[in-house]
Structures are given as structure tokens and as C-alpha cells.
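*Asks:* Below is one structure. I have some questions about it.
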Amino acid sequence: MGMDIFLNDYYDLLKLMHDNEAIILNEKIIPLTQMQIAGTMNYSKMKISSMFRILQREGYIKQKTRGKYVLTDKAEIIINTIESLKM
């Protein structure tokens, strides 16, 4: 898939998740549900669900427990790289 995936909605989704990370029991977790993310981004739940499947398959997010996700190191590198380019 490559970097081009992150010049669109996928990056916006990862960034939203990153900006809303919480530390619970010494572990980063995204407390937002897919429905909350869909509402924030003005997308359908179906679109967000599809995006989550792709990001999981490509190794950018992992599901910790039902409905709770974490960003992988791979995702953090992408976010930090893109944010540094914006400076």
C-alpha cells in the first residue's frame, strides 16, 4: 500500500485516533468507538468499519479488546513523519 494511503482519509483517521489516545493501566488505548469516530469525521459507520479493517490488515492499528484499539509503532512513525513535514 505505501505512503500514498496517508495522503487522504486514512491519515485523518489515524491522526484523530492518535490525538484521542488515553493511557489506561500504563497502556495507550483509543477510548473512542467507531460510531463516535464516524460522527466526528462525518462518515458512515460502515465507511469507518471498512477503514479500520484495512488499517488492521496493513498493521497500523490493533484491536486490544472488543471495540478498543491501539495504534502500532508503524502508525506512530507515519503520524510523526507527516506532522514533522507540516512544520
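The way I read the labels, and the way they are meant: chains A, B, ... in the order of the C-alpha cells, residue 1 as the first residue of every chain, and ligand 1 as the first ligand shown, with later ones counted on from there.
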Can you check which residues of stretch 1-86 of chain A DSSP gives as alpha helix (DSSP H) on the backbone and send them as a PyMOL selection string?
*Replies:* chain A and resi 9-19+34-41+45-57+73-86
*Asks:* Would you mind exporting the chosen residues as a CSV table (one decimal), in the first residue's frame, restricted to N, CA and C atoms?
*Replies:*
```csv
chain,number,residue,atom,x,y,z
A,9,ASP,N,-8.1,10.2,3.8
A,9,ASP,CA,-8.9,10.0,4.9
A,9,ASP,C,-8.3,9.1,5.9
A,10,TYR,N,-7.4,8.2,5.5
A,10,TYR,CA,-6.8,7.2,6.4
A,10,TYR,C,-5.9,7.9,7.4
A,11,TYR,N,-5.1,8.9,6.9
A,11,TYR,CA,-4.3,9.7,7.8
A,11,TYR,C,-5.2,10.5,8.8
A,12,ASP,N,-6.2,11.1,8.3
A,12,ASP,CA,-7.1,11.8,9.2
A,12,ASP,C,-7.7,10.9,10.3
A,13,LEU,N,-8.0,9.7,9.9
A,13,LEU,CA,-8.5,8.8,10.9
A,13,LEU,C,-7.4,8.4,11.9
A,14,LEU,N,-6.2,8.1,11.5
A,14,LEU,CA,-5.1,7.8,12.4
A,14,LEU,C,-4.8,9.0,13.3
A,15,LYS,N,-4.8,10.1,12.7
A,15,LYS,CA,-4.5,11.4,13.5
A,15,LYS,C,-5.5,11.6,14.6
A,16,LEU,N,-6.8,11.4,14.2
A,16,LEU,CA,-7.9,11.5,15.2
A,16,LEU,C,-7.7,10.5,16.3
A,17,MET,N,-7.4,9.3,16.0
A,17,MET,CA,-7.1,8.3,17.0
A,17,MET,C,-5.9,8.6,17.9
A,18,HIS,N,-4.9,9.1,17.2
A,18,HIS,CA,-3.7,9.5,17.9
A,18,HIS,C,-4.0,10.6,18.9
A,19,ASP,N,-4.7,11.6,18.4
A,19,ASP,CA,-5.0,12.8,19.3
A,19,ASP,C,-5.9,12.5,20.4
A,34,GLN,N,-16.1,3.2,17.2
A,34,GLN,CA,-16.2,3.5,15.7
A,34,GLN,C,-17.4,4.5,15.4
A,35,MET,N,-18.4,4.4,16.2
A,35,MET,CA,-19.6,5.2,16.0
A,35,MET,C,-19.2,6.7,16.3
A,36,GLN,N,-18.5,6.9,17.4
A,36,GLN,CA,-18.1,8.2,17.8
A,36,GLN,C,-17.1,8.8,16.7
A,37,ILE,N,-16.2,8.0,16.2
A,37,ILE,CA,-15.3,8.4,15.2
A,37,ILE,C,-16.0,8.8,13.9
A,38,ALA,N,-17.0,7.9,13.5
A,38,ALA,CA,-17.8,8.2,12.3
A,38,ALA,C,-18.5,9.6,12.5
A,39,GLY,N,-19.1,9.8,13.6
A,39,GLY,CA,-19.8,11.1,13.9
A,39,GLY,C,-18.8,12.3,13.8
A,40,THR,N,-17.6,12.2,14.4
A,40,THR,CA,-16.6,13.2,14.4
A,40,THR,C,-16.1,13.5,13.0
A,41,MET,N,-16.0,12.5,12.2
A,41,MET,CA,-15.4,12.7,10.8
A,41,MET,C,-16.5,12.9,9.8
A,45,LYS,N,-20.8,4.8,9.7
A,45,LYS,CA,-20.2,3.7,10.5
A,45,LYS,C,-19.6,2.7,9.6
A,46,MET,N,-20.3,2.4,8.5
A,46,MET,CA,-19.8,1.4,7.5
A,46,MET,C,-18.5,1.8,6.9
A,47,LYS,N,-18.3,3.0,6.5
A,47,LYS,CA,-17.0,3.5,6.0
A,47,LYS,C,-15.9,3.4,7.0
A,48,ILE,N,-16.2,3.8,8.2
A,48,ILE,CA,-15.2,3.7,9.3
A,48,ILE,C,-14.8,2.3,9.5
A,49,SER,N,-15.8,1.4,9.6
A,49,SER,CA,-15.5,0.0,9.8
A,49,SER,C,-14.6,-0.6,8.7
A,50,SER,N,-14.9,-0.2,7.5
A,50,SER,CA,-14.1,-0.6,6.3
A,50,SER,C,-12.7,-0.1,6.5
A,51,MET,N,-12.5,1.2,6.8
A,51,MET,CA,-11.2,1.8,7.0
A,51,MET,C,-10.4,1.1,8.1
A,52,PHE,N,-11.1,0.7,9.2
A,52,PHE,CA,-10.5,0.0,10.3
A,52,PHE,C,-10.0,-1.3,9.9
A,53,ARG,N,-10.7,-2.1,9.1
A,53,ARG,CA,-10.3,-3.4,8.6
A,53,ARG,C,-9.0,-3.2,7.8
A,54,ILE,N,-9.0,-2.2,6.9
A,54,ILE,CA,-7.8,-2.0,6.1
A,54,ILE,C,-6.6,-1.6,6.9
A,55,LEU,N,-6.8,-0.7,7.9
A,55,LEU,CA,-5.7,-0.3,8.7
A,55,LEU,C,-5.2,-1.5,9.6
A,56,GLN,N,-6.1,-2.4,10.0
A,56,GLN,CA,-5.7,-3.5,10.8
A,56,GLN,C,-4.9,-4.5,9.9
A,57,ARG,N,-5.4,-4.7,8.7
A,57,ARG,CA,-4.7,-5.7,7.8
A,57,ARG,C,-3.3,-5.2,7.4
A,73,ASP,N,3.4,0.9,16.3
A,73,ASP,CA,4.5,1.7,16.1
A,73,ASP,C,4.6,2.2,14.7
A,74,LYS,N,4.2,1.4,13.8
A,74,LYS,CA,4.1,1.7,12.4
A,74,LYS,C,3.3,3.0,12.1
A,75,ALA,N,2.1,3.0,12.8
A,75,ALA,CA,1.2,4.2,12.7
A,75,ALA,C,1.8,5.4,13.3
A,76,GLU,N,2.5,5.2,14.5
A,76,GLU,CA,3.1,6.4,15.2
A,76,GLU,C,4.2,7.0,14.3
A,77,ILE,N,5.0,6.1,13.6
A,77,ILE,CA,6.0,6.6,12.7
A,77,ILE,C,5.4,7.5,11.6
A,78,ILE,N,4.4,7.0,11.0
A,78,ILE,CA,3.7,7.7,9.9
A,78,ILE,C,3.2,9.1,10.4
A,79,ILE,N,2.5,9.1,11.5
A,79,ILE,CA,2.0,10.3,12.1
A,79,ILE,C,3.1,11.3,12.4
A,80,ASN,N,4.1,10.8,13.1
A,80,ASN,CA,5.3,11.7,13.4
A,80,ASN,C,6.0,12.3,12.2
A,81,THR,N,6.1,11.4,11.2
A,81,THR,CA,6.8,11.9,9.9
A,81,THR,C,5.9,12.9,9.2
A,82,ILE,N,4.7,12.7,9.1
A,82,ILE,CA,3.8,13.7,8.4
A,82,ILE,C,3.7,14.9,9.2
A,83,GLU,N,3.6,14.9,10.5
A,83,GLU,CA,3.5,16.1,11.3
A,83,GLU,C,4.8,16.9,11.2
A,84,SER,N,5.9,16.2,11.1
A,84,SER,CA,7.2,16.9,11.0
A,84,SER,C,7.3,17.6,9.7
A,85,LEU,N,6.7,17.0,8.6
A,85,LEU,CA,6.8,17.7,7.3
A,85,LEU,C,5.9,18.9,7.3
A,86,LYS,N,4.9,19.0,8.1
A,86,LYS,CA,4.0,20.1,8.1
A,86,LYS,C,4.6,21.4,8.7
```
*Asks:* Using DSSP secondary structure from the backbone, list all strand (DSSP E) positions within stretch 56-87 of chain A, as a ChimeraX atom specification.
*Replies:* /A:61-65,68-71
*Asks:* Could you please determine the separation between atom CA of A:Asn42 and atom CA of A:Glu27 in Å, to one decimal place?
*Replies:*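 Computing the Euclidean distance for atom CA of A:Asn42 and atom CA of A:Glu27 yields 28.4 Å.
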*Asks:* So how far away is atom CA of A:Asn26 from atom CA of A:Thr65, in Å?
*Replies:*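 A separation of 15.6 Å between them.
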*Asks:* Using only C-alpha atoms, determine which residues lie at most 10 Å from A:Pro31, disregarding the query and same-chain residues fewer than 6 positions distant; provide the list as number ranges by chain.
*Replies:* A: 17, 20-24, 67-70
*Asks:* Go ahead and save the residues from that selection, with C-alpha atoms, as a PDB file, in the first residue's frame.
*Replies:*
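Result file follows (out-v1.pdb):
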```pdb
ATOM      1  CA  MET A  17      -7.140   8.278  16.983  1.00  0.00           C
ATOM      2  CA  ASN A  20      -7.509  10.941  21.447  1.00  0.00           C
ATOM      3  CA  GLU A  21      -5.231   8.271  22.900  1.00  0.00           C
ATOM      4  CA  ALA A  22      -5.567   7.726  26.626  1.00  0.00           C
ATOM      5  CA  ILE A  23      -3.241   5.892  28.973  1.00  0.00           C
ATOM      6  CA  ILE A  24      -5.109   3.273  30.959  1.00  0.00           C
ATOM      7  CA  GLY A  67     -14.222  -2.036  20.467  1.00  0.00           C
ATOM      8  CA  LYS A  68     -10.872  -0.867  21.867  1.00  0.00           C
ATOM      9  CA  TYR A  69      -7.988  -0.212  19.528  1.00  0.00           C
ATOM     10  CA  VAL A  70      -4.369   0.878  19.742  1.00  0.00           C
TER      11      VAL A  70
END
```
